[in-house]
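**Q** Sharing a structure here in structure tokens format.
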Amino acid sequence: MTFDEKISAIWLMLQGSPLTGISLTLLAYVLAMYLYKKSNYQPVLSPFITSMVVVISVLLITGISYQDYFAGGKFIHFLLGPATVALAVPLYHQLHRIKQLFIPIIITLIASVFIGALSAIGIADLFGASVQTQISIAPKSVTTPVAMGISEQIGGIVSLSAGLAATTGVVGGIMGIKIFSLIGVKDDRFRGLAMGLTSHGLGTAVAFQESNTMGAFSGLGMALASFTTAFMLPWLLSALAII
Amino acid sequence: MDFILGFVLLLIFQLLGEALVIFFELPVSGPVVGIVLLLGALIIKGSVGKSLNTASTTLLGHLSIMFVPVSVGLMAHYQLLMDEWLPITITLIGSTIIMLISTALIMSFASKFLIKETKHDL
């Protein structure tokens, strides 16, 4: 083999091997985490957004197809399943707090699922988004792995739902604290719950910087919203005759 | 070793969840049912073991990387995003503001109502 043939053989191996997708994702994440820490945890530099931008840029520049990338990416994607199950642990740790405020939490939770889905579908419809987009945007306030599962069930575009849910996390994380002081809600338990119900994981990360109580309640909101939405949204959408 | 043990436990609960979803034709995903099953098991057991704590803390600490591969698929929807970027942006920001305000206020009012009632009972 000549030098050129060897180089193209290596390139061919890189395109076909799962190694590329796995390494690229992990490298992007390490870089994103580094930037996130350096920026003193700015929500705008959420590791998710940075990693996604880095991976997409590399794929566009090298011309590696999404299918080839996902041959490796799916190994990291697989971890979402056990990680979602793991949410039971923080939920268990919050059980005594749930009991304390059980009824207000349940009222807020049910209301939030309706308000979240209806406001998203309503606004999207008002501004001319397609039905496919409306369905994909409906589960935006639950943690991304769950949003993907829900999206699959209700016939949305799974990767679009994932991206939109993550973006909602970033948006809520940036605006949450300011909005709470604007409307005069000061109790960290209430602020935390609202944050978790609206912007799941990233909101929870921001809430933990405010106080442990706010973080814990945000985690609670995230976990509760995840499986309440999973049960209610398919039913709500068919009741509205959207799916 | 703690991590592996806890990880296997999580996988088993996910498997159980997936099986129940098929058996009872549930409208939710296997991992979501897995949460309920594991929570039930923890309530019965009354504590979280060291291995499960290690595995769940590790996985949840790096949750963000796990949704990168599927979200990179957004690039496949380039056309849709170009066509609908305006309604999508307005929806994300508008609905997020509505939710933050309404959930915080509902929780405040509902709790005040409940606390008054409790004081009355005492």
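In the structure tokens, chains take the letters A, B, ... in the order shown, each chain's residues start at 1, and ligands count up from 1 in the order shown.
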Could you list, as a ChimeraX atom specification, every residue of chain B that has an atom within 7 Å of an atom of chain A, counting only C-alpha atoms?

**A** /B:10-11,14,27-29,31-32,34-35,38-39,56,59-60,64-74,84,87-88,91-93,95-96,99-100,103-104,106-108,110-111

**Q** What residues in chain B get the DSSP label alpha helix (DSSP H)? Please answer as a PyMOL selection string.

**A** chain B and resi 2-23+30-45+50-61+63-66+68-71+78-121

**Q** Leaving out Phe3 of chain B and any residue of its chain fewer than 2 positions from it, which residues lie within 7 Å of it when counting only C-alpha atoms, given as a ChimeraX atom specification?

**A** /B:1,5-7,51,54-55

**Q** Considering only C-alpha atoms, can you say which of B:Val48, B:Ile90, B:Met82, B:Leu16 comes closest to Val33 of chain B?

**A**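 Nearest to Val33 of chain B: B:Leu16.
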
**Q** Rounded to one decimal, what separation in Å do you get between atom CA of Leu80 of chain B and atom CA of Gln132 of chain A?

**A**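 Going from atom CA of Leu80 of chain B over to atom CA of Gln132 of chain A, I get 10.1 Å.
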
**Q** Using only C-alpha atoms, find the one residue out of B:Leu9, B:Glu25, B:Gly61, B:Gly94 that sits nearest to Ala41 of chain B.

**A**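 Using only C-alpha atoms, the shortest distance to Ala41 of chain B belongs to B:Leu9.
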
**Q** For the atom pair atom CA of Val8 of chain B and atom CA of Leu52 of chain B, what is the interatomic distance in Å to one decimal place?

**A**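 Atom-to-atom, atom CA of Val8 of chain B and atom CA of Leu52 of chain B are spaced 9.1 Å apart.
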
**Q** As an exercise, work out the distance from atom CA of Pro139 of chain A to atom CA of Gly156 of chain A in Å and give it to one decimal place.

**A**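 If I compute the distance from atom CA of Pro139 of chain A to atom CA of Gly156 of chain A, I get 9.6 Å.
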